[in-house]
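To be precise, the following lines are coords-v3.pdb, and they hold PDB, C-alpha atoms.
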ATOM      1  CA  MET Q   1     -10.302  20.633 -14.933  1.00  0.00           C
ATOM      2  CA  GLY Q   2     -11.501  17.906 -17.342  1.00  0.00           C
ATOM      3  CA  LEU Q   3      -7.966  16.730 -18.161  1.00  0.00           C
ATOM      4  CA  LEU Q   4      -6.913  16.970 -14.523  1.00  0.00           C
ATOM      5  CA  LYS Q   5      -9.913  14.887 -13.492  1.00  0.00           C
ATOM      6  CA  SER Q   6      -9.126  12.326 -16.217  1.00  0.00           C
ATOM      7  CA  PHE Q   7      -5.549  12.117 -14.938  1.00  0.00           C
ATOM      8  CA  PHE Q   8      -6.504  11.709 -11.276  1.00  0.00           C
ATOM      9  CA  SER Q   9      -9.212   9.189 -12.155  1.00  0.00           C
ATOM     10  CA  GLN Q  10      -6.240   6.929 -12.959  1.00  0.00           C
ATOM     11  CA  CYS Q  11      -5.352   6.727  -9.235  1.00  0.00           C
ATOM     12  CA  ALA Q  12      -7.696   3.844  -8.459  1.00  0.00           C
ATOM     13  CA  ARG Q  13      -6.915   1.618 -11.455  1.00  0.00           C
ATOM     14  CA  PRO Q  14      -4.291   2.973 -13.878  1.00  0.00           C
ATOM     15  CA  GLU Q  15      -5.004   2.034 -17.497  1.00  0.00           C
ATOM     16  CA  GLY Q  16      -3.452   2.801 -20.872  1.00  0.00           C
ATOM     17  CA  SER Q  17      -0.922   5.539 -21.618  1.00  0.00           C
ATOM     18  CA  LEU Q  18      -2.403   7.971 -19.073  1.00  0.00           C
ATOM     19  CA  GLY Q  19      -2.245   5.208 -16.480  1.00  0.00           C
ATOM     20  CA  ARG Q  20       1.448   4.643 -17.225  1.00  0.00           C
ATOM     21  CA  VAL Q  21       2.123   8.354 -16.684  1.00  0.00           C
ATOM     22  CA  MET Q  22       0.193   8.198 -13.389  1.00  0.00           C
ATOM     23  CA  LEU Q  23       2.267   5.218 -12.190  1.00  0.00           C
ATOM     24  CA  SER Q  24       5.527   7.088 -12.799  1.00  0.00           C
ATOM     25  CA  PHE Q  25       4.018  10.136 -11.088  1.00  0.00           C
ATOM     26  CA  MET Q  26       2.986   8.028  -8.073  1.00  0.00           C
ATOM     27  CA  ASN Q  27       6.381   6.312  -7.808  1.00  0.00           C
ATOM     28  CA  TYR Q  28       8.062   9.683  -7.281  1.00  0.00           C
ATOM     29  CA  THR Q  29       5.402  11.702  -5.424  1.00  0.00           C
ATOM     30  CA  HIS Q  30       4.795   8.936  -2.859  1.00  0.00           C
ATOM     31  CA  ALA Q  31       8.508   8.601  -2.072  1.00  0.00           C
ATOM     32  CA  PRO Q  32       8.719  11.045   0.898  1.00  0.00           C
ATOM     33  CA  LEU Q  33       5.658   9.497   2.597  1.00  0.00           C
ATOM     34  CA  THR Q  34       6.890   5.950   1.965  1.00  0.00           C
ATOM     35  CA  ASN Q  35      10.458   6.582   3.139  1.00  0.00           C
ATOM     36  CA  TRP Q  36       9.176   8.170   6.356  1.00  0.00           C
ATOM     37  CA  GLY Q  37       6.451   5.574   7.013  1.00  0.00           C
ATOM     38  CA  LEU Q  38       8.660   2.524   6.494  1.00  0.00           C
ATOM     39  CA  LYS Q  39      11.220   3.871   8.977  1.00  0.00           C
ATOM     40  CA  LEU Q  40       8.545   3.462  11.667  1.00  0.00           C
ATOM     41  CA  VAL Q  41       8.605  -0.320  11.162  1.00  0.00           C
ATOM     42  CA  ASP Q  42      11.525  -2.325  12.517  1.00  0.00           C
ATOM     43  CA  ILE Q  43      11.992  -4.434   9.390  1.00  0.00           C
ATOM     44  CA  GLN Q  44      14.120  -7.550   9.941  1.00  0.00           C
ATOM     45  CA  ASP Q  45      16.287  -9.546   7.526  1.00  0.00           C
ATOM     46  CA  GLY Q  46      14.667 -12.535   5.873  1.00  0.00           C
ATOM     47  CA  TRP Q  47      11.109 -11.263   6.187  1.00  0.00           C
ATOM     48  CA  THR Q  48       8.303 -12.209   3.822  1.00  0.00           C
ATOM     49  CA  MET Q  49       6.379  -9.033   2.970  1.00  0.00           C
ATOM     50  CA  LEU Q  50       3.399  -7.966   0.890  1.00  0.00           C
ATOM     51  CA  ASP Q  51       2.583  -4.573  -0.627  1.00  0.00           C
ATOM     52  CA  VAL Q  52      -1.147  -4.348  -1.371  1.00  0.00           C
ATOM     53  CA  GLY Q  53      -1.964  -1.883  -4.155  1.00  0.00           C
ATOM     54  CA  CYS Q  54       1.672  -2.005  -5.235  1.00  0.00           C
ATOM     55  CA  GLY Q  55       1.213   0.541  -8.056  1.00  0.00           C
ATOM     56  CA  GLY Q  56       4.470   1.199  -9.888  1.00  0.00           C
ATOM     57  CA  GLY Q  57       6.539  -1.114  -7.676  1.00  0.00           C
ATOM     58  CA  PHE Q  58       8.829   1.336  -5.875  1.00  0.00           C
ATOM     59  CA  THR Q  59       7.590   0.320  -2.409  1.00  0.00           C
ATOM     60  CA  ILE Q  60       8.434  -3.306  -3.249  1.00  0.00           C
ATOM     61  CA  ARG Q  61      11.960  -2.208  -4.109  1.00  0.00           C
ATOM     62  CA  ARG Q  62      12.263  -0.198  -0.888  1.00  0.00           C
ATOM     63  CA  LEU Q  63      11.104  -3.151   1.220  1.00  0.00           C
ATOM     64  CA  LEU Q  64      13.638  -5.398  -0.502  1.00  0.00           C
ATOM     65  CA  ASN Q  65      16.435  -2.916   0.205  1.00  0.00           C
ATOM     66  CA  ARG Q  66      15.513  -2.846   3.902  1.00  0.00           C
ATOM     67  CA  SER Q  67      15.626  -6.622   4.451  1.00  0.00           C
ATOM     68  CA  LYS Q  68      18.463  -8.940   3.426  1.00  0.00           C
ATOM     69  CA  ASP Q  69      17.262 -12.214   1.853  1.00  0.00           C
ATOM     70  CA  ALA Q  70      13.641 -11.005   1.948  1.00  0.00           C
ATOM     71  CA  GLN Q  71      10.824 -12.105  -0.275  1.00  0.00           C
ATOM     72  CA  VAL Q  72       8.465  -9.326  -1.293  1.00  0.00           C
ATOM     73  CA  TYR Q  73       5.083  -9.865  -2.893  1.00  0.00           C
ATOM     74  CA  GLY Q  74       3.042  -7.209  -4.638  1.00  0.00           C
ATOM     75  CA  ILE Q  75      -0.600  -7.231  -5.669  1.00  0.00           C
ATOM     76  CA  ASP Q  76      -2.595  -4.660  -7.613  1.00  0.00           C
ATOM     77  CA  ILE Q  77      -5.976  -4.601  -9.310  1.00  0.00           C
ATOM     78  CA  SER Q  78      -4.537  -2.820 -12.368  1.00  0.00           C
ATOM     79  CA  GLU Q  79      -2.869  -4.712 -15.210  1.00  0.00           C
ATOM     80  CA  GLU Q  80      -0.759  -1.596 -15.966  1.00  0.00           C
ATOM     81  CA  SER Q  81       0.445  -1.456 -12.359  1.00  0.00           C
ATOM     82  CA  VAL Q  82       1.437  -5.119 -12.362  1.00  0.00           C
ATOM     83  CA  ALA Q  83       3.400  -4.651 -15.608  1.00  0.00           C
ATOM     84  CA  LYS Q  84       5.172  -1.552 -14.239  1.00  0.00           C
ATOM     85  CA  ALA Q  85       5.978  -3.171 -10.871  1.00  0.00           C
ATOM     86  CA  LYS Q  86       7.439  -6.190 -12.676  1.00  0.00           C
ATOM     87  CA  LYS Q  87       9.559  -3.944 -14.892  1.00  0.00           C
ATOM     88  CA  VAL Q  88      10.861  -1.869 -11.959  1.00  0.00           C
ATOM     89  CA  ASN Q  89      11.902  -5.069 -10.120  1.00  0.00           C
ATOM     90  CA  ALA Q  90      12.905  -7.066 -13.209  1.00  0.00           C
ATOM     91  CA  GLU Q  91      16.309  -8.271 -11.975  1.00  0.00           C
ATOM     92  CA  VAL Q  92      14.824 -10.055  -8.929  1.00  0.00           C
ATOM     93  CA  LEU Q  93      11.413 -10.934 -10.376  1.00  0.00           C
ATOM     94  CA  ASP Q  94      10.260 -14.481  -9.562  1.00  0.00           C
ATOM     95  CA  LYS Q  95      13.342 -14.919  -7.345  1.00  0.00           C
ATOM     96  CA  GLN Q  96      12.761 -12.472  -4.501  1.00  0.00           C
ATOM     97  CA  VAL Q  97       9.865 -10.426  -5.901  1.00  0.00           C
ATOM     98  CA  PHE Q  98       6.495 -11.861  -6.919  1.00  0.00           C
ATOM     99  CA  VAL Q  99       3.820  -9.607  -8.444  1.00  0.00           C
ATOM    100  CA  THR Q 100       0.204 -10.655  -9.026  1.00  0.00           C
ATOM    101  CA  GLN Q 101      -2.933  -9.005 -10.341  1.00  0.00           C
ATOM    102  CA  GLY Q 102      -5.757  -9.185  -7.807  1.00  0.00           C
ATOM    103  CA  SER Q 103      -7.853  -7.440  -5.181  1.00  0.00           C
ATOM    104  CA  ALA Q 104      -7.407  -6.661  -1.491  1.00  0.00           C
ATOM    105  CA  GLU Q 105     -10.856  -8.195  -0.978  1.00  0.00           C
ATOM    106  CA  LYS Q 106      -9.577 -11.679  -1.806  1.00  0.00           C
ATOM    107  CA  LEU Q 107      -5.839 -12.031  -1.302  1.00  0.00           C
ATOM    108  CA  PRO Q 108      -4.513 -15.140  -3.094  1.00  0.00           C
ATOM    109  CA  TYR Q 109      -2.163 -16.140  -0.260  1.00  0.00           C
ATOM    110  CA  GLU Q 110      -2.322 -18.729   2.488  1.00  0.00           C
ATOM    111  CA  ASN Q 111      -2.999 -17.902   6.127  1.00  0.00           C
ATOM    112  CA  GLU Q 112      -0.141 -16.531   8.237  1.00  0.00           C
ATOM    113  CA  LYS Q 113       2.321 -16.046   5.351  1.00  0.00           C
ATOM    114  CA  PHE Q 114       3.643 -12.501   5.885  1.00  0.00           C
ATOM    115  CA  ASP Q 115       5.714 -10.720   8.531  1.00  0.00           C
ATOM    116  CA  LEU Q 116       4.664  -7.320   7.189  1.00  0.00           C
ATOM    117  CA  VAL Q 117       1.923  -6.015   4.915  1.00  0.00           C
ATOM    118  CA  THR Q 118       2.036  -2.441   3.592  1.00  0.00           C
ATOM    119  CA  ALA Q 119      -0.589  -0.282   1.886  1.00  0.00           C
ATOM    120  CA  VAL Q 120       0.674   3.058   0.543  1.00  0.00           C
ATOM    121  CA  GLU Q 121      -1.914   5.627  -0.579  1.00  0.00           C
ATOM    122  CA  THR Q 122      -4.361   2.893  -1.539  1.00  0.00           C
ATOM    123  CA  VAL Q 123      -6.955   2.147   1.175  1.00  0.00           C
ATOM    124  CA  TYR Q 124      -9.073   5.014  -0.219  1.00  0.00           C
ATOM    125  CA  PHE Q 125      -9.991   2.736  -3.124  1.00  0.00           C
ATOM    126  CA  TRP Q 126     -10.582  -0.551  -1.332  1.00  0.00           C
ATOM    127  CA  PRO Q 127     -14.182  -1.730  -1.581  1.00  0.00           C
ATOM    128  CA  ASN Q 128     -15.579  -3.117   1.673  1.00  0.00           C
ATOM    129  CA  LEU Q 129     -12.613  -1.787   3.656  1.00  0.00           C
ATOM    130  CA  SER Q 130     -13.516  -3.809   6.779  1.00  0.00           C
ATOM    131  CA  GLY Q 131     -13.466  -7.057   4.785  1.00  0.00           C
ATOM    132  CA  CYS Q 132     -10.139  -6.124   3.169  1.00  0.00           C
ATOM    133  CA  LEU Q 133      -8.579  -5.464   6.587  1.00  0.00           C
ATOM    134  CA  GLN Q 134      -9.750  -8.886   7.771  1.00  0.00           C
ATOM    135  CA  GLU Q 135      -8.082 -10.416   4.695  1.00  0.00           C
ATOM    136  CA  VAL Q 136      -4.807  -8.687   5.601  1.00  0.00           C
ATOM    137  CA  HIS Q 137      -5.175  -9.957   9.184  1.00  0.00           C
ATOM    138  CA  ARG Q 138      -5.644 -13.494   7.838  1.00  0.00           C
ATOM    139  CA  VAL Q 139      -2.437 -13.515   5.758  1.00  0.00           C
ATOM    140  CA  LEU Q 140      -0.258 -12.017   8.518  1.00  0.00           C
ATOM    141  CA  LYS Q 141       1.786 -14.217  10.831  1.00  0.00           C
ATOM    142  CA  PRO Q 142       1.024 -13.900  14.540  1.00  0.00           C
ATOM    143  CA  GLY Q 143       2.949 -10.813  15.648  1.00  0.00           C
ATOM    144  CA  GLY Q 144       3.060  -9.568  12.053  1.00  0.00           C
ATOM    145  CA  LYS Q 145       2.450  -5.913  11.283  1.00  0.00           C
ATOM    146  CA  PHE Q 146       0.252  -3.995   8.872  1.00  0.00           C
ATOM    147  CA  ALA Q 147       1.357  -0.464   7.959  1.00  0.00           C
ATOM    148  CA  ILE Q 148      -1.111   1.860   6.214  1.00  0.00           C
ATOM    149  CA  LEU Q 149       0.463   5.036   4.815  1.00  0.00           C
ATOM    150  CA  VAL Q 150      -1.825   7.905   3.820  1.00  0.00           C
ATOM    151  CA  GLU Q 151      -1.463  11.515   2.764  1.00  0.00           C
ATOM    152  CA  VAL Q 152      -5.161  12.399   2.637  1.00  0.00           C
ATOM    153  CA  VAL Q 153      -6.200  12.418   6.298  1.00  0.00           C
ATOM    154  CA  ASP Q 154      -9.456  14.377   6.256  1.00  0.00           C
ATOM    155  CA  SER Q 155     -12.701  12.510   5.610  1.00  0.00           C
ATOM    156  CA  ASP Q 156     -14.071  15.701   3.989  1.00  0.00           C
ATOM    157  CA  SER Q 157     -11.044  16.025   1.713  1.00  0.00           C
ATOM    158  CA  LYS Q 158     -11.394  17.989  -1.546  1.00  0.00           C
ATOM    159  CA  TRP Q 159      -9.565  15.088  -3.234  1.00  0.00           C
ATOM    160  CA  THR Q 160     -12.688  12.937  -3.058  1.00  0.00           C
ATOM    161  CA  SER Q 161     -14.388  15.283  -5.543  1.00  0.00           C
ATOM    162  CA  VAL Q 162     -11.405  15.139  -7.940  1.00  0.00           C
ATOM    163  CA  VAL Q 163     -10.525  11.458  -7.729  1.00  0.00           C
ATOM    164  CA  GLU Q 164     -13.256   9.086  -8.833  1.00  0.00           C
ATOM    165  CA  GLY Q 165     -14.076   6.204  -6.482  1.00  0.00           C
ATOM    166  CA  MET Q 166     -12.080   7.636  -3.591  1.00  0.00           C
ATOM    167  CA  THR Q 167     -13.152   7.538   0.051  1.00  0.00           C
ATOM    168  CA  ALA Q 168     -10.992   9.471   2.495  1.00  0.00           C
ATOM    169  CA  TYR Q 169     -10.645   8.358   6.112  1.00  0.00           C
ATOM    170  CA  THR Q 170      -9.124  10.038   9.147  1.00  0.00           C
ATOM    171  CA  PRO Q 171      -6.279   8.104  10.825  1.00  0.00           C
ATOM    172  CA  GLU Q 172      -8.628   7.629  13.801  1.00  0.00           C
ATOM    173  CA  GLN Q 173     -11.243   6.008  11.552  1.00  0.00           C
ATOM    174  CA  ILE Q 174      -8.599   3.673  10.115  1.00  0.00           C
ATOM    175  CA  LYS Q 175      -7.378   2.782  13.616  1.00  0.00           C
ATOM    176  CA  SER Q 176     -10.934   1.979  14.679  1.00  0.00           C
ATOM    177  CA  LEU Q 177     -11.444  -0.272  11.626  1.00  0.00           C
ATOM    178  CA  LEU Q 178      -8.133  -2.040  12.314  1.00  0.00           C
ATOM    179  CA  ASP Q 179      -9.152  -2.633  15.919  1.00  0.00           C
ATOM    180  CA  ASP Q 180     -12.491  -4.058  14.718  1.00  0.00           C
ATOM    181  CA  ALA Q 181     -10.643  -6.385  12.314  1.00  0.00           C
ATOM    182  CA  GLY Q 182      -8.681  -7.886  15.212  1.00  0.00           C
ATOM    183  CA  PHE Q 183      -5.485  -5.848  15.139  1.00  0.00           C
ATOM    184  CA  ALA Q 184      -3.825  -4.925  18.434  1.00  0.00           C
ATOM    185  CA  GLN Q 185      -1.463  -2.214  19.685  1.00  0.00           C
ATOM    186  CA  THR Q 186      -2.586   0.024  16.816  1.00  0.00           C
ATOM    187  CA  GLU Q 187      -0.513   3.204  16.617  1.00  0.00           C
ATOM    188  CA  ILE Q 188      -1.054   6.443  14.710  1.00  0.00           C
ATOM    189  CA  HIS Q 189       2.053   8.371  13.644  1.00  0.00           C
ATOM    190  CA  ARG Q 190       1.789  11.807  12.060  1.00  0.00           C
ATOM    191  CA  LYS Q 191       4.183  14.078  10.209  1.00  0.00           C
ATOM    192  CA  LYS Q 192       3.473  17.512   8.781  1.00  0.00           C
ATOM    193  CA  PRO Q 193       1.912  18.589   6.532  1.00  0.00           C
ATOM    194  CA  THR Q 194      -0.562  15.700   6.320  1.00  0.00           C
ATOM    195  CA  TYR Q 195       1.340  12.414   6.418  1.00  0.00           C
ATOM    196  CA  ALA Q 196       0.024   9.619   8.615  1.00  0.00           C
ATOM    197  CA  THR Q 197       1.100   6.024   9.158  1.00  0.00           C
ATOM    198  CA  ILE Q 198      -1.212   3.686  11.035  1.00  0.00           C
ATOM    199  CA  ILE Q 199       0.385   0.453  12.212  1.00  0.00           C
ATOM    200  CA  GLY Q 200      -1.550  -2.529  13.570  1.00  0.00           C
ATOM    201  CA  CYS Q 201      -0.150  -5.744  14.978  1.00  0.00           C
ATOM    202  CA  LYS Q 202      -1.701  -9.214  14.699  1.00  0.00           C
TER     203      LYS Q 202
END

Could you spell out this file's structure in structure tokens?
Amino acid sequence: MGLLKSFFSQCARPEGSLGRVMLSFMNYTHAPLTNWGLKLVDIQDGWTMLDVGCGGGFTIRRLLNRSKDAQVYGIDISEESVAKAKKVNAEVLDKQVFVTQGSAEKLPYENEKFDLVTAVETVYFWPNLSGCLQEVHRVLKPGGKFAILVEVVDSDSKWTSVVEGMTAYTPEQIKSLLDDAGFAQTEIHRKKPTYATIIGCK
């Protein structure tokens, strides 16, 4: 259990060699959730998009593949994640893909910049979740969308005892927080076994 706990403690902020293993693990294990969740958003060509908590950078790549002439930004609190995301998107880095180290609490982008913001398996680790959601609202264009993709959908989840610093939320709790942050037309989509995508519109 000790090694397992050490491994899963890398979820919030991957560091060092164990963190690099976790990032590769996340890139592949999050794929089914991400592929399903992104299909629920009608992504248009030429969009400017942001993936918050971009981890190993595979969601950035998926967003780029869905939108011709897009620009995709990624931000993550972990130095390891930023390095991995840059490596995964190396051929378009600083042309169509821009990756920065930073926090969801203080996004380093101007108001109304993005058509779409995504957050895949990451809101569990955001401090002051309400404040972070307001930050996302700020950087979205009017009519822009925010898609939160989660696999842990039970606030009493056993994962919270395994993964350090994790808070689990039900999709209904996330919807309520999005509504409070000013999002409209918030929808909850579910897919078995436990996938959920919550989409809010500015």

If you count all atoms listed in the file, which residues fall within 12 Å of Lys191 in chain Q, apart from same-chain ones fewer than 2 positions away, as number ranges by chain?
-> Q: 32-34, 36-37, 40, 149-151, 153, 188-189, 193-198

Can you list, as a list of chain:residue names, every protein, DNA or RNA residue that comes within 10 Å of range 155-160 of chain Q when you count only C-alpha atoms, leaving out same-chain residues fewer than 3 positions away?
-> Q:Phe8, Q:Tyr124, Q:Val152, Q:Val163, Q:Glu164, Q:Gly165, Q:Met166, Q:Thr167, Q:Ala168, Q:Tyr169, Q:Thr170, Q:Pro171, Q:Gln173

Ground truth for the PyMOL selection byres ((chain Q and resi 106-115) around 8), written as number ranges by chain = Q: 47-50, 102-105, 116-117, 132, 135-136, 138-145

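Across Q:Gly56, Q:Pro127, Q:Gly182, Q:Gly46, the tightest approach to Thr29 in chain Q is made by Q:Gly56 when counting all atoms listed in the file.
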
Compile the contact shell of Gly57 in chain Q as a PyMOL selection string: residues with an atom at most 12 Å away, counting all atoms listed in the file, same-chain residues fewer than 3 positions apart removed.
-> chain Q and resi 23-24+26-28+30-31+34+50-54+60-64+72-76+80-90+93+97-100+119-120

Coordinates-based distance that separates CA of Lys202 in chain Q from CA of Asn65 in chain Q (Å, one decimal) | 24.1 Å

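From CA of Val92 in chain Q back to CA of Asn35 in chain Q, the distance works out to 21.0 Å.
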
Return as a PyMOL selection string the set of residues that the PyMOL selection byres ((chain Q and resi 186) around 8) yields on the displayed structure.
-> chain Q and resi 175+178-179+183-185+187-188+198-201

From the list Q:Ile77, Q:Ala181, Q:Ile174, Q:Val162, which residue is nearest His137 in chain Q when using only C-alpha atoms?
-> Q:Ala181

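If you look at CA of Asp94 in chain Q and CA of Gln44 in chain Q, they are 21.1 Å away from each other.
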